[in-house]
file query-v7.cif (mmCIF, C-alpha atoms)
data_query
#
loop_
_atom_site.label_atom_id
_atom_site.label_comp_id
_atom_site.auth_asym_id
_atom_site.auth_seq_id
_atom_site.Cartn_x
_atom_site.Cartn_y
_atom_site.Cartn_z
CA MET X 1 0.00 0.00 0.00
CA TRP X 2 1.40 3.43 -0.95
CA MET X 3 0.81 6.15 1.60
CA SER X 4 2.52 9.28 2.85
CA ASP X 5 4.33 8.91 6.12
CA ARG X 6 2.58 11.58 8.17
CA SER X 7 5.24 11.64 10.91
CA PHE X 8 7.86 13.04 8.52
CA LYS X 9 7.80 16.12 6.35
CA GLU X 10 7.58 15.31 2.69
CA ILE X 11 11.04 14.82 1.24
CA PRO X 12 11.18 15.50 -2.50
CA GLY X 13 12.36 12.40 -4.33
CA ILE X 14 11.85 10.08 -1.33
CA GLU X 15 8.71 7.97 -0.84
CA PHE X 16 8.05 5.52 1.96
CA VAL X 17 6.12 2.30 1.41
CA VAL X 18 4.11 1.53 4.52
CA ASP X 19 2.00 -1.40 5.66
CA SER X 20 -1.67 -1.25 6.64
CA ARG X 21 -0.70 -0.02 10.12
CA GLY X 22 1.37 2.83 8.72
CA ARG X 23 4.75 1.26 9.55
CA ARG X 24 7.50 2.02 7.06
CA LYS X 25 8.59 -1.11 5.22
CA SER X 26 10.54 0.22 2.22
CA VAL X 27 11.71 3.41 0.61
CA VAL X 28 11.72 4.53 -3.00
CA ILE X 29 14.57 6.91 -3.83
CA ASP X 30 14.65 9.08 -6.95
CA LEU X 31 18.19 8.34 -8.11
CA GLU X 32 18.33 11.39 -10.36
CA ARG X 33 17.87 13.58 -7.28
CA HIS X 34 19.53 11.46 -4.63
CA GLY X 35 22.04 9.26 -6.46
CA ALA X 36 24.86 10.26 -4.09
CA LEU X 37 22.72 9.31 -1.10
CA TRP X 38 22.14 5.86 -2.58
CA GLU X 39 25.88 5.45 -3.27
CA ASP X 40 26.67 6.32 0.36
CA LEU X 41 24.05 3.88 1.62
CA PHE X 42 25.29 1.13 -0.67
CA ASP X 43 28.95 1.75 0.29
CA ALA X 44 28.02 1.52 3.99
CA PHE X 45 26.18 -1.75 3.32
CA VAL X 46 29.17 -3.25 1.47
CA ALA X 47 31.56 -2.13 4.24
CA GLN X 48 29.34 -3.76 6.86
CA GLN X 49 29.18 -7.00 4.86
CA ARG X 50 32.99 -7.07 4.61
CA ARG X 51 33.74 -6.12 8.22
CA ASN X 52 34.97 -9.61 9.11
CA GLU X 53 37.09 -10.18 6.01
CA PRO X 54 40.85 -10.41 6.48
CA ARG X 55 42.65 -7.09 6.15
CA GLU X 56 45.91 -6.17 4.46
CA PRO X 57 48.37 -3.92 6.27
CA LEU X 58 48.58 -0.42 4.78
CA SER X 59 52.31 -0.85 4.15
CA LYS X 60 51.63 -3.92 1.98
CA VAL X 61 48.93 -2.13 -0.01
CA LYS X 62 51.23 0.86 -0.59
CA LYS X 63 53.95 -1.45 -1.93
CA LEU X 64 51.47 -3.16 -4.26
CA VAL X 65 50.26 0.19 -5.62
CA GLN X 66 53.77 1.54 -6.09
CA SER X 67 54.99 -1.60 -7.87
CA ALA X 68 51.96 -1.86 -10.18
CA PRO X 69 52.76 -1.01 -13.82
CA ARG X 70 51.40 2.33 -14.97
CA ARG X 71 48.98 2.34 -17.88
CA ARG X 72 48.88 4.79 -20.76
CA THR X 73 45.52 6.19 -21.77
CA SER X 74 44.98 8.93 -24.34
CA GLY X 75 48.66 9.78 -24.33
CA ARG X 76 48.74 10.46 -20.59
CA LEU X 77 50.08 8.33 -17.80
CA GLN X 78 47.54 7.02 -15.41
CA GLY X 79 48.63 5.74 -12.06
#
call {"tool": "encode", "arguments": {"input": "query-v7.cif", "output": "structure tokens"}}
result
Amino acid sequence: MWMSDRSFKEIPGIEFVVDSRGRRKSVVIDLERHGALWEDLFDAFVAQQRRNEPREPLSKVKKLVQSAPRRRTSGRLQG
């Protein structure tokens, strides 16, 4: 059921999907207006999902980046 959430001011480009009791269940985000918001939310979700993955020390990552071959694109170095 589509309804306005009366407890919040209307937010342009954001719509809440609520159940028959008026409890928010989902949200519809206009990505043209709030694409950056979605990217932040998605990044936070991915970070949370990966929180228990093994980590690499920063020093090791720096060495990998520095030793990686540079690529040429459009006549400019990219690194």
call {"tool": "atom_distance", "arguments": {"input": "query-v7.cif", "atom1": "atom CA of X:Leu41", "atom2": "atom CA of X:Phe16"}}
result
16.1 Å
call {"tool": "resolve_selection", "arguments": {"input": "query-v7.cif", "expression": "the PyMOL selection byres ((chain X and resi 29) around 7)", "output": "count of residues only"}}
result
8
call {"tool": "atom_distance", "arguments": {"input": "query-v7.cif", "atom1": "atom CA of X:Ala36", "atom2": "atom CA of X:Arg24"}}
result
22.2 Å
call {"tool": "atom_distance", "arguments": {"input": "query-v7.cif", "atom1": "atom CA of X:Val65", "atom2": "atom CA of X:Val46"}}
result
22.5 Å
call {"tool": "decode", "arguments": {"input": "query-v7.cif", "residues": "stretch 22-43 of chain X", "atoms": "N, CA and C atoms", "output": "mmCIF file, in the first residue's frame"}}
result
data_model
loop_
_atom_site.group_PDB
_atom_site.id
_atom_site.type_symbol
_atom_site.label_atom_id
_atom_site.label_comp_id
_atom_site.auth_asym_id
_atom_site.auth_seq_id
_atom_site.Cartn_x
_atom_site.Cartn_y
_atom_site.Cartn_z
ATOM 1 N N GLY X 22 0.609 1.600 8.877
ATOM 2 C CA GLY X 22 1.370 2.832 8.718
ATOM 3 C C GLY X 22 2.843 2.706 9.055
ATOM 4 N N ARG X 23 3.327 1.476 9.243
ATOM 5 C CA ARG X 23 4.749 1.257 9.550
ATOM 6 C C ARG X 23 5.547 1.234 8.257
ATOM 7 N N ARG X 24 6.650 1.992 8.250
ATOM 8 C CA ARG X 24 7.499 2.018 7.058
ATOM 9 C C ARG X 24 8.113 0.647 6.829
ATOM 10 N N LYS X 25 8.032 0.190 5.597
ATOM 11 C CA LYS X 25 8.592 -1.113 5.221
ATOM 12 C C LYS X 25 9.682 -0.986 4.170
ATOM 13 N N SER X 26 9.584 0.021 3.312
ATOM 14 C CA SER X 26 10.537 0.222 2.218
ATOM 15 C C SER X 26 10.603 1.703 1.898
ATOM 16 N N VAL X 27 11.582 2.028 1.065
ATOM 17 C CA VAL X 27 11.706 3.407 0.613
ATOM 18 C C VAL X 27 12.005 3.397 -0.879
ATOM 19 N N VAL X 28 11.456 4.354 -1.580
ATOM 20 C CA VAL X 28 11.719 4.527 -3.002
ATOM 21 C C VAL X 28 12.497 5.832 -3.120
ATOM 22 N N ILE X 29 13.689 5.753 -3.713
ATOM 23 C CA ILE X 29 14.567 6.914 -3.828
ATOM 24 C C ILE X 29 14.693 7.299 -5.294
ATOM 25 N N ASP X 30 14.443 8.555 -5.602
ATOM 26 C CA ASP X 30 14.645 9.079 -6.950
ATOM 27 C C ASP X 30 16.153 9.229 -7.139
ATOM 28 N N LEU X 31 16.742 8.352 -7.949
ATOM 29 C CA LEU X 31 18.193 8.338 -8.107
ATOM 30 C C LEU X 31 18.716 9.540 -8.882
ATOM 31 N N GLU X 32 17.884 10.171 -9.677
ATOM 32 C CA GLU X 32 18.328 11.385 -10.361
ATOM 33 C C GLU X 32 18.552 12.503 -9.350
ATOM 34 N N ARG X 33 17.740 12.546 -8.322
ATOM 35 C CA ARG X 33 17.871 13.576 -7.285
ATOM 36 C C ARG X 33 18.843 13.166 -6.187
ATOM 37 N N HIS X 34 18.809 11.909 -5.816
ATOM 38 C CA HIS X 34 19.535 11.456 -4.630
ATOM 39 C C HIS X 34 20.490 10.300 -4.928
ATOM 40 N N GLY X 35 21.109 10.322 -6.102
ATOM 41 C CA GLY X 35 22.043 9.257 -6.464
ATOM 42 C C GLY X 35 23.205 9.143 -5.495
ATOM 43 N N ALA X 36 23.733 10.275 -5.027
ATOM 44 C CA ALA X 36 24.861 10.260 -4.094
ATOM 45 C C ALA X 36 24.447 9.636 -2.758
ATOM 46 N N LEU X 37 23.223 9.902 -2.336
ATOM 47 C CA LEU X 37 22.716 9.310 -1.098
ATOM 48 C C LEU X 37 22.673 7.787 -1.222
ATOM 49 N N TRP X 38 22.182 7.296 -2.355
ATOM 50 C CA TRP X 38 22.140 5.857 -2.585
ATOM 51 C C TRP X 38 23.546 5.269 -2.586
ATOM 52 N N GLU X 39 24.498 5.946 -3.229
ATOM 53 C CA GLU X 39 25.877 5.446 -3.268
ATOM 54 C C GLU X 39 26.443 5.354 -1.863
ATOM 55 N N ASP X 40 26.182 6.360 -1.024
ATOM 56 C CA ASP X 40 26.668 6.324 0.362
ATOM 57 C C ASP X 40 26.039 5.161 1.128
ATOM 58 N N LEU X 41 24.750 4.967 0.949
ATOM 59 C CA LEU X 41 24.052 3.875 1.621
ATOM 60 C C LEU X 41 24.591 2.526 1.158
ATOM 61 N N PHE X 42 24.783 2.381 -0.133
ATOM 62 C CA PHE X 42 25.292 1.129 -0.675
ATOM 63 C C PHE X 42 26.717 0.864 -0.195
ATOM 64 N N ASP X 43 27.573 1.905 -0.197
ATOM 65 C CA ASP X 43 28.945 1.753 0.294
ATOM 66 C C ASP X 43 28.963 1.316 1.752
#
